[in-house]
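J.: Dumping the structure here so I can ask a few things about it.
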Protein chains: 4
Amino acid sequence: MEKLIITVAVTGAEVTKEKQPNLPVTPDEIAEEVYKCYLAGASIAHIHARLADGTPTQSYEIYKEIKEKIEKKCNIIFQPSTGGATWHTFEERMQPLLTNPEMATLSAGTCNFGNDVFMNPEEYIEKFAIEMKKRNIKPEIEVFERGMIENALKLVKKGILELPLHFDFVMGVPGAIPGDVSDLVYLVSKIPENCTWSVAGIGKYELPLAVHAIAMGGHVRVGFEDNIYYKKGELASSNAQLVERIVRIAKELGREIATPDEARKILNIKR
Amino acid sequence: MEKLIITVAVTGAEVTKEKQPNLPVTPDEIAEEVYKCYLAGASIAHIHARLADGTPTQSYEIYKEIKEKIEKKCNIIFQPSTGGATWHTFEERMQPLLTNPEMATLSAGTCNFGNDVFMNPEEYIEKFAIEMKKRNIKPEIEVFERGMIENALKLVKKGILELPLHFDFVMGVPGAIPGDVSDLVYLVSKIPENCTWSVAGIGKYELPLAVHAIAMGGHVRVGFEDNIYYKKGELASSNAQLVERIVRIAKELGREIATPDEARKILNIKR
Amino acid sequence: MEKLIITVAVTGAEVTKEKQPNLPVTPDEIAEEVYKCYLAGASIAHIHARLADGTPTQSYEIYKEIKEKIEKKCNIIFQPSTGGATWHTFEERMQPLLTNPEMATLSAGTCNFGNDVFMNPEEYIEKFAIEMKKRNIKPEIEVFERGMIENALKLVKKGILELPLHFDFVMGVPGAIPGDVSDLVYLVSKIPENCTWSVAGIGKYELPLAVHAIAMGGHVRVGFEDNIYYKKGELASSNAQLVERIVRIAKELGREIATPDEARKILNIKR
Amino acid sequence: MEKLIITVAVTGAEVTKEKQPNLPVTPDEIAEEVYKCYLAGASIAHIHARLADGTPTQSYEIYKEIKEKIEKKCNIIFQPSTGGATWHTFEERMQPLLTNPEMATLSAGTCNFGNDVFMNPEEYIEKFAIEMKKRNIKPEIEVFERGMIENALKLVKKGILELPLHFDFVMGVPGAIPGDVSDLVYLVSKIPENCTWSVAGIGKYELPLAVHAIAMGGHVRVGFEDNIYYKKGELASSNAQLVERIVRIAKELGREIATPDEARKILNIKR
Ligand SMILES: [Mg+2]
Ligand SMILES: [Mg+2]
Ligand SMILES: [Zn+2]
Ligand SMILES: [Zn+2]
Ligand SMILES: [Zn+2]
Ligand SMILES: [Zn+2]
């Protein structure tokens with residue numbers, strides 16, 4: 001079985017310091033938190049930028065600052081979000097790609113997202129994919145529902161995306177696919193054979209889905225963007241604490257942890 | 001096995017007379033087409049209104065006219081669309097409910113719909129459901145993706161919708177869940193035990209999914225809204241022709257066809 | 001979609017004339033029944049031999065007589081059973097292979113079979129496979145449970161069987177896998193990609209599983225061995241009557257029927 | 001989620017001291033090993049008896065001796081095997097029931113078991129079930145293939161077994177169902193809603209299936225009967241070592257471990 005790639009989503013666009021006091025918000029905080037997660041075993045940092053007051057932003061400058069601060073500390077893969085917050089415009093969402101990251105997320109369809117709608121019409125998906133192709137950025141295909149796999153494969157047929165793809169199944173968002181193991185097995189059964197996948201379980205789904213993924217040969221995303229608790233009723237002390245648990249469980253299962261360079265190899269990232 | 005409920009979706013919001021010359025568009029055409037489908041075995045008429053030039057409309061008056069014209073001909077269940085076209089506003093989409101139909105569609109989430117987005121944020125779903133409850137209209141829960149089942153069940157928990165629900169799995173819309181039998185089996189496995197369901201396969205999926213549903217004990221929707229062909233490369237001569245084929249196949253399988261009153265009983269419609 | 005191969009299992013080892021008066025038993029009766037099924041659209045004849053009094057036999061001479069009588073009438077593919085009755089010895093079960101048929105069944109594991117046990121220990125499976133390979137007989141892998149697929153694939157790894165295999169899912173035998181569509185979808189998901197498959201639903205499962213298979217691109221087995229009724233409470237008048245219904249349903253679905261030579265091509269049978 | 005019941009299968013009928021030097025064989029060794037597993041967190045001891053030279057036996061006296069020796073040490077649930085070795089007769093296999101254990105295994109069908117056949121014709125299953133009912137012994141339904149669930153449910157219909165049943169999915173035996181997570185999800189989807197289940201993964205499947213079960217709310221069996229390795233190429237030092245790992249993983253997942261009395265309650269065992 002391949003080594004395990006752990007992605008850490010340290011901040012997200014929705015969580016606040018009120019709800020999770022240890023949330024990293026400024027570029028310095030984010031870079032420091034990412035570094036601790038890297039030391040714990042993470043090989044990809046999924047990043048959302050924030051203004052000083054905590055407001056989500058897709059500002060090129062702030063993403064750039066975060067990227068540079070992380071790169072000074074470690075060689076973890078920098079993966080900015082092109083999803084942003086549900087109210088960001090397409091143009092805003094494009095900006096992180098200007099930092100020429102090795103990787104970026106590409107949300108492959110539209111769905112309800114709590115009270116909001118996460119807008120990813122076909123046109124957006126295609127434009128994000130074209131920009132990533134142009135800049136040689138490895139897309140992580142964010143899948144919130146079954147049909148989004150097909151949306152991505154359609155772009156493969158059009159020659160805009162290339163196999164093998166790397167999928168991230170985001171499961172448990174209110175309004176989209178929930179996080180039962182049967183849902184995960186179903187999604188996994190629908191991707192082409194040589195593709196890789198990870199799972200980002202939201203809230204209570206984070207830990208069980210991570211564990212299924214470890215045992216199935218998939219990869220794992222954890223972090224405050226998806227889940228702020230260590231256990232029921234107990235906030236996590238840091239993103240690194242969540243990473244450390246995944247590392248311990250993987251070790252119990254005999255699954256080794258990928259370094260960033262090993263993750264690059266598994267994901268076919270060549271720069 | 002329960003008798004088979006056949007829904008016919010004669011017009012839809014997207015098909016044009018250019019693509020399907022036999023498309024019924026005016027209230028008279030729609031009522032006449034519905035009547036022929038009723039004679040062929042349909043027990044529910046899923047209706048979209050159009051202006052004289054073919055433009056989709058959610059006009060109360062036109063829905064009312066269609067309803068009355070159908071009711072003069074037969075006792076088929078009148079089921080107007082609250083989906084409308086993807087560009088209709090929420091207020092427009094509400095209008096058909098003012099006709100106090102026995103049944104209406106309730107789309108339970110947002111997804112891509114070809115180039116467009118079919119918008120059904122949580123707020124819309126809830127408001128449609130409340131209005132239907134108030135007017136004692138039986139909702140048909142339109143499911144384009146897995147998560148939409150959960151969205152409906154959430155409203156059950158809130159007391160706005162009531163079990164048993166009737167689901168319609170719309171499968172094969174570009175941008176949403178495709179129509180493999182494994183997708184259908186998956187969706188069916190996720191609804192509560194006493195609920196009923198039908199399937200509306202889009203395009204090439206219409207016929208095979210209908211056949212799976214007949215054999216599984218589900219119900220079936222056919223019609224020009226979903227599919228304009230009788231077979232590959234050959235346009236259907238009428239909606240009734242599509243209904244007739246379903247009736248013949250059901251008979252081969254020993255499944256009897258529900259009359260409108262039998263459908264009312266199966267669906268728990270009491271007026 | 002490939003043309004549909006219809007196998008007819010006209011006699012079996014368990015049904016009696018008492019239960020189904022139209023059961024063909026003698027070589028003449030069997031050949032005549034097979035011929036009628038061929039005319040109706042069957043391209044494979046799955047054969048069990050009987051003594052004059054109806055007792056199942058694996059006698060080489062009787063299989064030979066049946067084979068020759070069928071060959072005089074038509075070019076349907078002759079597929080004798082190596083399963084026989086549950087009480088036949090391994091040596092008896094081997095005998096039909098001496099007739100050098102183009103095809104033969106190869107039951108890939110042991111399971112309960114009503115009150116009896118259908119014995120197919122690993123050693124039998126392997127010996128049958130070796131003999132078929134030696135004689136250039138195309139095996140039809142009979143699968144009564146999930147693990148039997150693996151048993152066959154193990155022989156592929158050993159070089160005794162060759163891909164692509166043709167599987168027959170026998171579903172609904174009391175004691176083995178039942179015949180829900182979810183069971184069929186599960187089994188189909190477990191065979192290698194280029195393999196072909198058919199389904200033999202037992203009793204009440206025959207018709208719905210056949211219909212699912214037609215729509216899924218699989219192939220179909222019907223006949224008195226599996227089911228003696230035309231509908232609930234009404235015995236079939238002949239095996240051909242069961243074949244004819246499958247042909248009619250396939251036509252409704254736009255699936256063409258394979259001739260024996262087309263079936264040979266689909267199954268990769270070269271003599 | 002219910003507390004986790006860990007069953008330890010310390011000896012089995014197939015493993016030898018040559019292959020696993022730490023295998024407990026004598027009643028004293030077995031009782032001592034069970035006690036260590038109890039201390040580690042096991043609440044059920046699945047027991048096979050052996051003669052002094054290691055030969056599997058279904059001797060009443062030896063089972064009785066083991067039972068008494070265990071009972072002196074702890075209140076773990078004693079669960080003898082009625083499966084024995086594949087060559088034991090039905091009468092031999094019955095003997096452990098004479099010790100009036102609280103629980104015993106009931107293998108619900110026949111399948112290949114490596115080179116052998118594990119014989120459980122309908123008649124055996126029924127007789128074992130009747131004897132267990134008479135003696136108020138809680139059966140653990142051993143499921144090696146899908147159809148075995150149906151075999152057990154048939155006995156429920158006959159009034160010989162009672163819901164809720166406790167199933168044990170034995171997965172990965174060569175010749176029967178393998179141990180992919182999709183196989184497990186499939187089996188779990190087929191048992192009645194209030195039933196409990198555990199999984200016994202054979203060899204390499206033990207650990208991943210155990211982990212899936214922990215996350216899914218199922219229960220777990222480990223031990224030398226199923227798997228003698230701690231990790232690839234490294235023999236386990238004891239059965240307790242395997243139990244300890246399950247306990248550690250369960251704790252990481254926030255799942256508490258059931259004591260024997262808590263297991264009795266979950267399984268509805270009343271003596
Ligand atoms: Mg919005
Ligand atoms: Mg026997
Ligand atoms: Zn994100
Ligand atoms: Zn519509
Ligand atoms: Zn046969
Ligand atoms: Zn055992």
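Letters A, B, ... go to the chains of the structure tokens in the order shown; residues in each chain start at 1; ligands are counted from 1 in the same order.
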Compile the contact shell of Ala215 in chain B as a list in words: residues with an atom at most 9 Å away, counting only C-alpha atoms, same-chain residues fewer than 3 positions apart removed.
T.: Ala210, Val211, His212, Gly218, Ala250, Leu253 and Arg255 of chain B; Val181, Leu207, Pro208, Leu209, Val211 and His212 of chain C
J.: Show me which residues are within 7 Å of ligand 1 counting only C-alpha atoms and all ligand atoms, and format the list as JSON, numbers by chain.
T.: {"A": [86, 87, 116, 117, 118, 119]}
J.: Could you write out that same residue set with N, CA, C and O atoms as a CSV table (one decimal), in the first residue's frame?
T.:
```
chain,number,residue,atom,x,y,z
A,86,THR,N,-18.2,31.0,0.3
A,86,THR,CA,-19.3,30.8,-0.7
A,86,THR,C,-19.7,32.1,-1.4
A,86,THR,O,-20.3,32.1,-2.5
A,87,TRP,N,-19.3,33.2,-0.8
A,87,TRP,CA,-19.7,34.5,-1.4
A,87,TRP,C,-18.6,35.2,-2.2
A,87,TRP,O,-18.7,36.3,-2.7
A,116,ASP,N,-26.0,28.2,2.5
A,116,ASP,CA,-25.5,28.9,1.3
A,116,ASP,C,-25.4,27.9,0.1
A,116,ASP,O,-25.7,26.7,0.3
A,117,VAL,N,-25.1,28.4,-1.0
A,117,VAL,CA,-24.8,27.6,-2.2
A,117,VAL,C,-23.4,27.7,-2.5
A,117,VAL,O,-22.9,28.9,-2.6
A,118,PHE,N,-22.7,26.6,-2.7
A,118,PHE,CA,-21.3,26.7,-3.2
A,118,PHE,C,-21.3,26.6,-4.7
A,118,PHE,O,-21.6,25.5,-5.2
A,119,MET,N,-21.1,27.7,-5.4
A,119,MET,CA,-21.3,27.9,-6.8
A,119,MET,C,-20.1,27.4,-7.6
A,119,MET,O,-19.1,28.0,-7.6
```
J.: Could you find all residues in range 148-181 of chain C that DSSP calls helix (DSSP H, G or I) from the backbone, and write them as a PDB file with C-alpha atoms, in the first residue's frame?
T.:
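As written to disk, selection.pdb reads:
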```pdb
ATOM      1  CA  MET C 148     -16.573 -18.333  -6.294  1.00  0.00           C
ATOM      2  CA  ILE C 149     -15.462 -15.431  -8.457  1.00  0.00           C
ATOM      3  CA  GLU C 150     -12.200 -15.426  -6.504  1.00  0.00           C
ATOM      4  CA  ASN C 151     -11.869 -19.190  -6.890  1.00  0.00           C
ATOM      5  CA  ALA C 152     -12.009 -18.773 -10.653  1.00  0.00           C
ATOM      6  CA  LEU C 153      -9.581 -15.866 -10.656  1.00  0.00           C
ATOM      7  CA  LYS C 154      -7.159 -17.963  -8.621  1.00  0.00           C
ATOM      8  CA  LEU C 155      -7.112 -20.461 -11.479  1.00  0.00           C
ATOM      9  CA  VAL C 156      -6.466 -17.609 -13.875  1.00  0.00           C
ATOM     10  CA  LYS C 157      -3.393 -16.749 -11.819  1.00  0.00           C
ATOM     11  CA  VAL C 181     -30.786  -6.446  -7.815  1.00  0.00           C
TER      12      VAL C 181
END
```
J.: Pro101 in chain B: which residues within 7 Å, counting only C-alpha atoms, same-chain residues fewer than 3 positions away excluded, as JSON, numbers by chain?
T.: {"B": [78, 79, 97, 104, 137]}
J.: Based on only C-alpha atoms, which of the residues in chain B come within 12 Å of chain D? I want them as a list in words.
T.: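 In the required form, that comes to Tyr186, Ser189, Lys190 and Glu193 of chain B.
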J.: Could you save the residues just selected, with all heavy atoms, as an mmCIF file, in the first residue's frame?
T.:
```cif
data_model
loop_
_atom_site.group_PDB
_atom_site.id
_atom_site.type_symbol
_atom_site.label_atom_id
_atom_site.label_comp_id
_atom_site.auth_asym_id
_atom_site.auth_seq_id
_atom_site.Cartn_x
_atom_site.Cartn_y
_atom_site.Cartn_z
ATOM 1 N N TYR B 186 -27.993 2.388 -5.146
ATOM 2 C CA TYR B 186 -27.430 3.193 -4.048
ATOM 3 C C TYR B 186 -28.462 4.177 -3.509
ATOM 4 O O TYR B 186 -28.706 4.236 -2.290
ATOM 5 C CB TYR B 186 -26.189 3.905 -4.575
ATOM 6 C CG TYR B 186 -25.604 4.991 -3.711
ATOM 7 C CD1 TYR B 186 -24.983 4.697 -2.503
ATOM 8 C CD2 TYR B 186 -25.630 6.319 -4.127
ATOM 9 C CE1 TYR B 186 -24.427 5.702 -1.731
ATOM 10 C CE2 TYR B 186 -25.065 7.324 -3.368
ATOM 11 C CZ TYR B 186 -24.462 7.012 -2.168
ATOM 12 O OH TYR B 186 -23.901 8.010 -1.414
ATOM 13 N N SER B 189 -31.220 2.535 -1.626
ATOM 14 C CA SER B 189 -30.793 2.010 -0.319
ATOM 15 C C SER B 189 -30.776 3.084 0.759
ATOM 16 O O SER B 189 -30.645 2.773 1.942
ATOM 17 C CB SER B 189 -29.405 1.362 -0.431
ATOM 18 O OG SER B 189 -28.386 2.345 -0.426
ATOM 19 N N LYS B 190 -30.888 4.341 0.359
ATOM 20 C CA LYS B 190 -30.736 5.434 1.315
ATOM 21 C C LYS B 190 -32.051 6.072 1.755
ATOM 22 O O LYS B 190 -32.037 6.990 2.571
ATOM 23 C CB LYS B 190 -29.820 6.512 0.721
ATOM 24 C CG LYS B 190 -28.388 6.060 0.473
ATOM 25 C CD LYS B 190 -27.737 5.506 1.743
ATOM 26 C CE LYS B 190 -26.293 5.116 1.538
ATOM 27 N NZ LYS B 190 -25.761 4.433 2.738
ATOM 28 N N GLU B 193 -37.642 3.135 4.932
ATOM 29 C CA GLU B 193 -38.254 1.894 4.443
ATOM 30 C C GLU B 193 -39.639 2.051 3.816
ATOM 31 O O GLU B 193 -39.931 1.411 2.808
ATOM 32 C CB GLU B 193 -38.306 0.872 5.576
ATOM 33 C CG GLU B 193 -38.213 -0.540 5.045
ATOM 34 C CD GLU B 193 -37.796 -1.503 6.157
ATOM 35 O OE1 GLU B 193 -37.038 -1.078 7.071
ATOM 36 O OE2 GLU B 193 -38.237 -2.642 6.115
#
```
J.: Please extract the residues at most 9 Å from ligand 6, counting only C-alpha atoms and all ligand atoms, and provide them as a ChimeraX atom specification, using the chain letters and residue numbers of this document.
T.: /D:9,11-13,46-48,80-85,105,225-226
J.: For all heavy atoms, I'd like the residues from the last selection saved as an mmCIF file, in the first residue's frame.
T.:
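Final file, selection-v1.cif:
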```cif
data_model
loop_
_atom_site.group_PDB
_atom_site.id
_atom_site.type_symbol
_atom_site.label_atom_id
_atom_site.label_comp_id
_atom_site.auth_asym_id
_atom_site.auth_seq_id
_atom_site.Cartn_x
_atom_site.Cartn_y
_atom_site.Cartn_z
ATOM 1 N N ALA D 9 -9.957 -15.306 19.453
ATOM 2 C CA ALA D 9 -9.991 -16.702 18.996
ATOM 3 C C ALA D 9 -8.569 -17.219 19.136
ATOM 4 O O ALA D 9 -7.770 -17.132 18.210
ATOM 5 C CB ALA D 9 -10.480 -16.756 17.563
ATOM 6 N N THR D 11 -6.901 -20.105 19.557
ATOM 7 C CA THR D 11 -6.238 -21.334 19.120
ATOM 8 C C THR D 11 -6.677 -21.799 17.734
ATOM 9 O O THR D 11 -5.834 -22.076 16.864
ATOM 10 C CB THR D 11 -6.522 -22.471 20.143
ATOM 11 O OG1 THR D 11 -6.108 -22.026 21.435
ATOM 12 C CG2 THR D 11 -5.780 -23.740 19.769
ATOM 13 N N GLY D 12 -7.995 -21.916 17.496
ATOM 14 C CA GLY D 12 -8.477 -22.432 16.213
ATOM 15 C C GLY D 12 -8.187 -23.909 16.048
ATOM 16 O O GLY D 12 -7.717 -24.576 16.977
ATOM 17 N N ALA D 13 -8.464 -24.394 14.831
ATOM 18 C CA ALA D 13 -8.291 -25.821 14.567
ATOM 19 C C ALA D 13 -7.168 -26.095 13.585
ATOM 20 O O ALA D 13 -6.837 -27.234 13.311
ATOM 21 C CB ALA D 13 -9.594 -26.410 14.023
ATOM 22 N N HIS D 46 -13.361 -17.182 22.092
ATOM 23 C CA HIS D 46 -13.799 -18.211 21.136
ATOM 24 C C HIS D 46 -12.793 -19.363 21.211
ATOM 25 O O HIS D 46 -11.597 -19.179 20.947
ATOM 26 C CB HIS D 46 -13.862 -17.624 19.732
ATOM 27 C CG HIS D 46 -14.130 -18.657 18.684
ATOM 28 N ND1 HIS D 46 -15.323 -19.336 18.595
ATOM 29 C CD2 HIS D 46 -13.353 -19.149 17.682
ATOM 30 C CE1 HIS D 46 -15.284 -20.183 17.578
ATOM 31 N NE2 HIS D 46 -14.092 -20.098 17.016
ATOM 32 N N ILE D 47 -13.304 -20.536 21.536
ATOM 33 C CA ILE D 47 -12.419 -21.640 21.925
ATOM 34 C C ILE D 47 -12.534 -22.859 21.011
ATOM 35 O O ILE D 47 -13.636 -23.294 20.676
ATOM 36 C CB ILE D 47 -12.764 -22.096 23.372
ATOM 37 C CG1 ILE D 47 -12.569 -20.930 24.362
ATOM 38 C CG2 ILE D 47 -11.948 -23.324 23.787
ATOM 39 C CD1 ILE D 47 -11.145 -20.429 24.473
ATOM 40 N N HIS D 48 -11.367 -23.359 20.606
ATOM 41 C CA HIS D 48 -11.240 -24.696 20.002
ATOM 42 C C HIS D 48 -10.350 -25.518 20.925
ATOM 43 O O HIS D 48 -9.296 -25.049 21.360
ATOM 44 C CB HIS D 48 -10.557 -24.636 18.632
ATOM 45 C CG HIS D 48 -11.423 -24.073 17.547
ATOM 46 N ND1 HIS D 48 -11.933 -24.829 16.520
ATOM 47 C CD2 HIS D 48 -11.869 -22.807 17.334
ATOM 48 C CE1 HIS D 48 -12.655 -24.063 15.716
ATOM 49 N NE2 HIS D 48 -12.634 -22.827 16.179
ATOM 50 N N PRO D 80 -17.508 -21.691 22.850
ATOM 51 C CA PRO D 80 -16.853 -22.798 22.157
ATOM 52 C C PRO D 80 -17.289 -22.848 20.693
ATOM 53 O O PRO D 80 -18.337 -22.328 20.313
ATOM 54 C CB PRO D 80 -17.361 -24.030 22.899
ATOM 55 C CG PRO D 80 -18.677 -23.626 23.453
ATOM 56 C CD PRO D 80 -18.564 -22.155 23.767
ATOM 57 N N SER D 81 -16.481 -23.497 19.895
ATOM 58 C CA SER D 81 -16.765 -23.676 18.471
ATOM 59 C C SER D 81 -17.598 -24.928 18.258
ATOM 60 O O SER D 81 -17.288 -25.982 18.805
ATOM 61 C CB SER D 81 -15.452 -23.834 17.702
ATOM 62 O OG SER D 81 -15.710 -24.242 16.381
ATOM 63 N N THR D 82 -18.650 -24.809 17.451
ATOM 64 C CA THR D 82 -19.319 -26.021 16.970
ATOM 65 C C THR D 82 -18.877 -26.311 15.532
ATOM 66 O O THR D 82 -19.417 -27.199 14.890
ATOM 67 C CB THR D 82 -20.856 -25.879 16.998
ATOM 68 O OG1 THR D 82 -21.223 -24.824 16.100
ATOM 69 C CG2 THR D 82 -21.364 -25.578 18.389
ATOM 70 N N GLY D 83 -17.888 -25.543 15.074
ATOM 71 C CA GLY D 83 -17.362 -25.790 13.736
ATOM 72 C C GLY D 83 -16.280 -26.858 13.769
ATOM 73 O O GLY D 83 -16.189 -27.711 12.894
ATOM 74 N N GLY D 84 -15.467 -26.831 14.825
ATOM 75 C CA GLY D 84 -14.387 -27.794 14.963
ATOM 76 C C GLY D 84 -13.422 -27.694 13.802
ATOM 77 O O GLY D 84 -13.176 -26.597 13.283
ATOM 78 N N ALA D 85 -12.876 -28.838 13.412
ATOM 79 C CA ALA D 85 -12.068 -28.875 12.198
ATOM 80 C C ALA D 85 -12.960 -29.389 11.074
ATOM 81 O O ALA D 85 -14.002 -29.988 11.330
ATOM 82 C CB ALA D 85 -10.863 -29.780 12.404
ATOM 83 N N THR D 105 -20.684 -20.813 18.587
ATOM 84 C CA THR D 105 -20.782 -20.445 17.172
ATOM 85 C C THR D 105 -21.756 -21.373 16.458
ATOM 86 O O THR D 105 -21.907 -22.538 16.804
ATOM 87 C CB THR D 105 -19.412 -20.523 16.476
ATOM 88 O OG1 THR D 105 -18.885 -21.845 16.649
ATOM 89 C CG2 THR D 105 -18.452 -19.527 17.073
ATOM 90 N N GLU D 225 -6.366 -17.992 15.641
ATOM 91 C CA GLU D 225 -7.190 -18.788 14.734
ATOM 92 C C GLU D 225 -7.296 -18.108 13.366
ATOM 93 O O GLU D 225 -7.313 -18.783 12.349
ATOM 94 C CB GLU D 225 -8.606 -18.965 15.316
ATOM 95 C CG GLU D 225 -9.552 -19.648 14.334
ATOM 96 C CD GLU D 225 -10.861 -20.099 14.975
ATOM 97 O OE1 GLU D 225 -10.975 -20.078 16.223
ATOM 98 O OE2 GLU D 225 -11.761 -20.494 14.209
ATOM 99 N N ASP D 226 -7.352 -16.786 13.378
ATOM 100 C CA ASP D 226 -7.572 -16.043 12.133
ATOM 101 C C ASP D 226 -6.282 -15.509 11.528
ATOM 102 O O ASP D 226 -6.162 -15.369 10.312
ATOM 103 C CB ASP D 226 -8.521 -14.860 12.398
ATOM 104 C CG ASP D 226 -9.862 -15.309 12.972
ATOM 105 O OD1 ASP D 226 -10.296 -16.447 12.677
ATOM 106 O OD2 ASP D 226 -10.461 -14.531 13.740
#
```
J.: Could you please determine the separation between CA of Ile228 in chain A and CA of Val243 in chain A in Å, to one decimal place?
T.: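 Atom-to-atom, CA of Ile228 in chain A and CA of Val243 in chain A are spaced 12.4 Å apart.
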J.: Set the distance at 12 Å and use only C-alpha atoms: which residues neighbour Tyr230 in chain B once local chain neighbours fewer than 2 positions away are removed? I'd like the list as a list in words.
T.: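 Result of the neighbour search: Gln20, Gly203, Lys204, Glu206, Leu207, Val222, Gly223, Phe224, Asp226, Asn227, Ile228, Lys232, Gly233, Glu234, Leu235, Ala236, Ser237, Ser238, Asn239, Ala240, Gln241, Leu242, Val243, Glu244, Arg245 and Ile246 of chain B; Glu252, Leu253 and Gly254 of chain C.
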J.: Residues as selected, C-alpha atoms, written as a PDB file, in the first residue's frame, can you do that?
T.:
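Everything below was put into part25.pdb:
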```pdb
ATOM      1  CA  GLN B  20     -39.167  17.541 -30.942  1.00  0.00           C
ATOM      2  CA  GLY B 203     -31.954  10.869 -22.335  1.00  0.00           C
ATOM      3  CA  LYS B 204     -30.465   7.443 -22.935  1.00  0.00           C
ATOM      4  CA  GLU B 206     -34.786   6.824 -19.428  1.00  0.00           C
ATOM      5  CA  LEU B 207     -35.608   3.391 -20.718  1.00  0.00           C
ATOM      6  CA  VAL B 222     -41.109   9.149 -18.874  1.00  0.00           C
ATOM      7  CA  GLY B 223     -41.830  11.934 -21.321  1.00  0.00           C
ATOM      8  CA  PHE B 224     -40.333  14.584 -23.544  1.00  0.00           C
ATOM      9  CA  ASP B 226     -36.561  13.807 -19.943  1.00  0.00           C
ATOM     10  CA  ASN B 227     -36.126  12.186 -23.337  1.00  0.00           C
ATOM     11  CA  ILE B 228     -37.390  12.960 -26.817  1.00  0.00           C
ATOM     12  CA  LYS B 232     -31.395   5.919 -30.782  1.00  0.00           C
ATOM     13  CA  GLY B 233     -31.740   8.299 -33.689  1.00  0.00           C
ATOM     14  CA  GLU B 234     -35.531   8.022 -33.844  1.00  0.00           C
ATOM     15  CA  LEU B 235     -37.698  10.719 -32.277  1.00  0.00           C
ATOM     16  CA  ALA B 236     -40.733   9.570 -30.321  1.00  0.00           C
ATOM     17  CA  SER B 237     -44.027  10.276 -32.071  1.00  0.00           C
ATOM     18  CA  SER B 238     -45.705  11.322 -28.824  1.00  0.00           C
ATOM     19  CA  ASN B 239     -45.397  11.131 -25.082  1.00  0.00           C
ATOM     20  CA  ALA B 240     -48.045   8.440 -25.183  1.00  0.00           C
ATOM     21  CA  GLN B 241     -45.768   6.267 -27.285  1.00  0.00           C
ATOM     22  CA  LEU B 242     -43.242   6.331 -24.433  1.00  0.00           C
ATOM     23  CA  VAL B 243     -45.941   5.504 -21.902  1.00  0.00           C
ATOM     24  CA  GLU B 244     -47.222   2.638 -24.009  1.00  0.00           C
ATOM     25  CA  ARG B 245     -43.828   0.988 -24.091  1.00  0.00           C
ATOM     26  CA  ILE B 246     -43.581   1.135 -20.305  1.00  0.00           C
TER      27      ILE B 246
ATOM     28  CA  GLU C 252     -38.623  -3.299 -26.285  1.00  0.00           C
ATOM     29  CA  LEU C 253     -35.271  -2.280 -24.851  1.00  0.00           C
ATOM     30  CA  GLY C 254     -33.651  -2.062 -28.247  1.00  0.00           C
TER      31      GLY C 254
END
```
J.: Can you tell me which residues surround Ile266 in chain C at a distance of at most 12 Å, considering only C-alpha atoms, apart from same-chain residues fewer than 3 positions away, and format the answer as a ChimeraX atom specification?
T.: /C:1-5,43,138,164-166,194-197,218-219,257-263,269-270
J.: Just the residues within 12 Å of Cys111 in chain B, please, counting only C-alpha atoms, with nothing from its chain fewer than 6 positions along; format it as an NGL selection string.
T.: (:A and (108-113 or 117-122 or 144-148 or 151 or 175-176)) or (:B and (86 or 117-121 or 142-148 or 170 or 173-177))
J.: What does the distance from CA of Ala200 in chain D to CA of Ile191 in chain C come to in Å, to one decimal?
T.: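 Between CA of Ala200 in chain D and CA of Ile191 in chain C the gap is 24.1 Å.
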J.: Pull the strand (DSSP E or B) assignments for range 178-212 of chain A out of DSSP run on the backbone, and list those residues as number ranges by chain.
T.: A: 196-201
J.: Looking at C:Thr57, C:Asn115, C:Asn75, C:Asn268, which one is nearest to ligand 2, with distances taken over only C-alpha atoms and all ligand atoms?
T.: C:Asn115
J.: Using only C-alpha atoms and all ligand atoms for the distances, tell me which of C:Asp183, C:Glu256, C:Asp168, C:Glu131 is nearest to ligand 5.
T.: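 Closest candidate: C:Asp168.
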J.: Using only C-alpha atoms, which residues sit within 8 Å of Ile76 in chain C once same-chain residues fewer than 6 positions away are excluded, as a list in words?
T.: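 Here the answer would be Tyr38, Ala42, Ser43, Ile44, Ala45, Ile70 and Pro260 of chain C.
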J.: Restricting the calculation to only C-alpha atoms and all ligand atoms, which member of B:Leu106, B:Met132, B:Val188, B:Leu98 is positioned closest to ligand 4?
T.: B:Leu106
J.: Could you please determine the separation between CA of Leu184 in chain C and CA of Ala213 in chain B in Å, to one decimal place?
T.: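 Those two atoms sit 14.6 Å apart.
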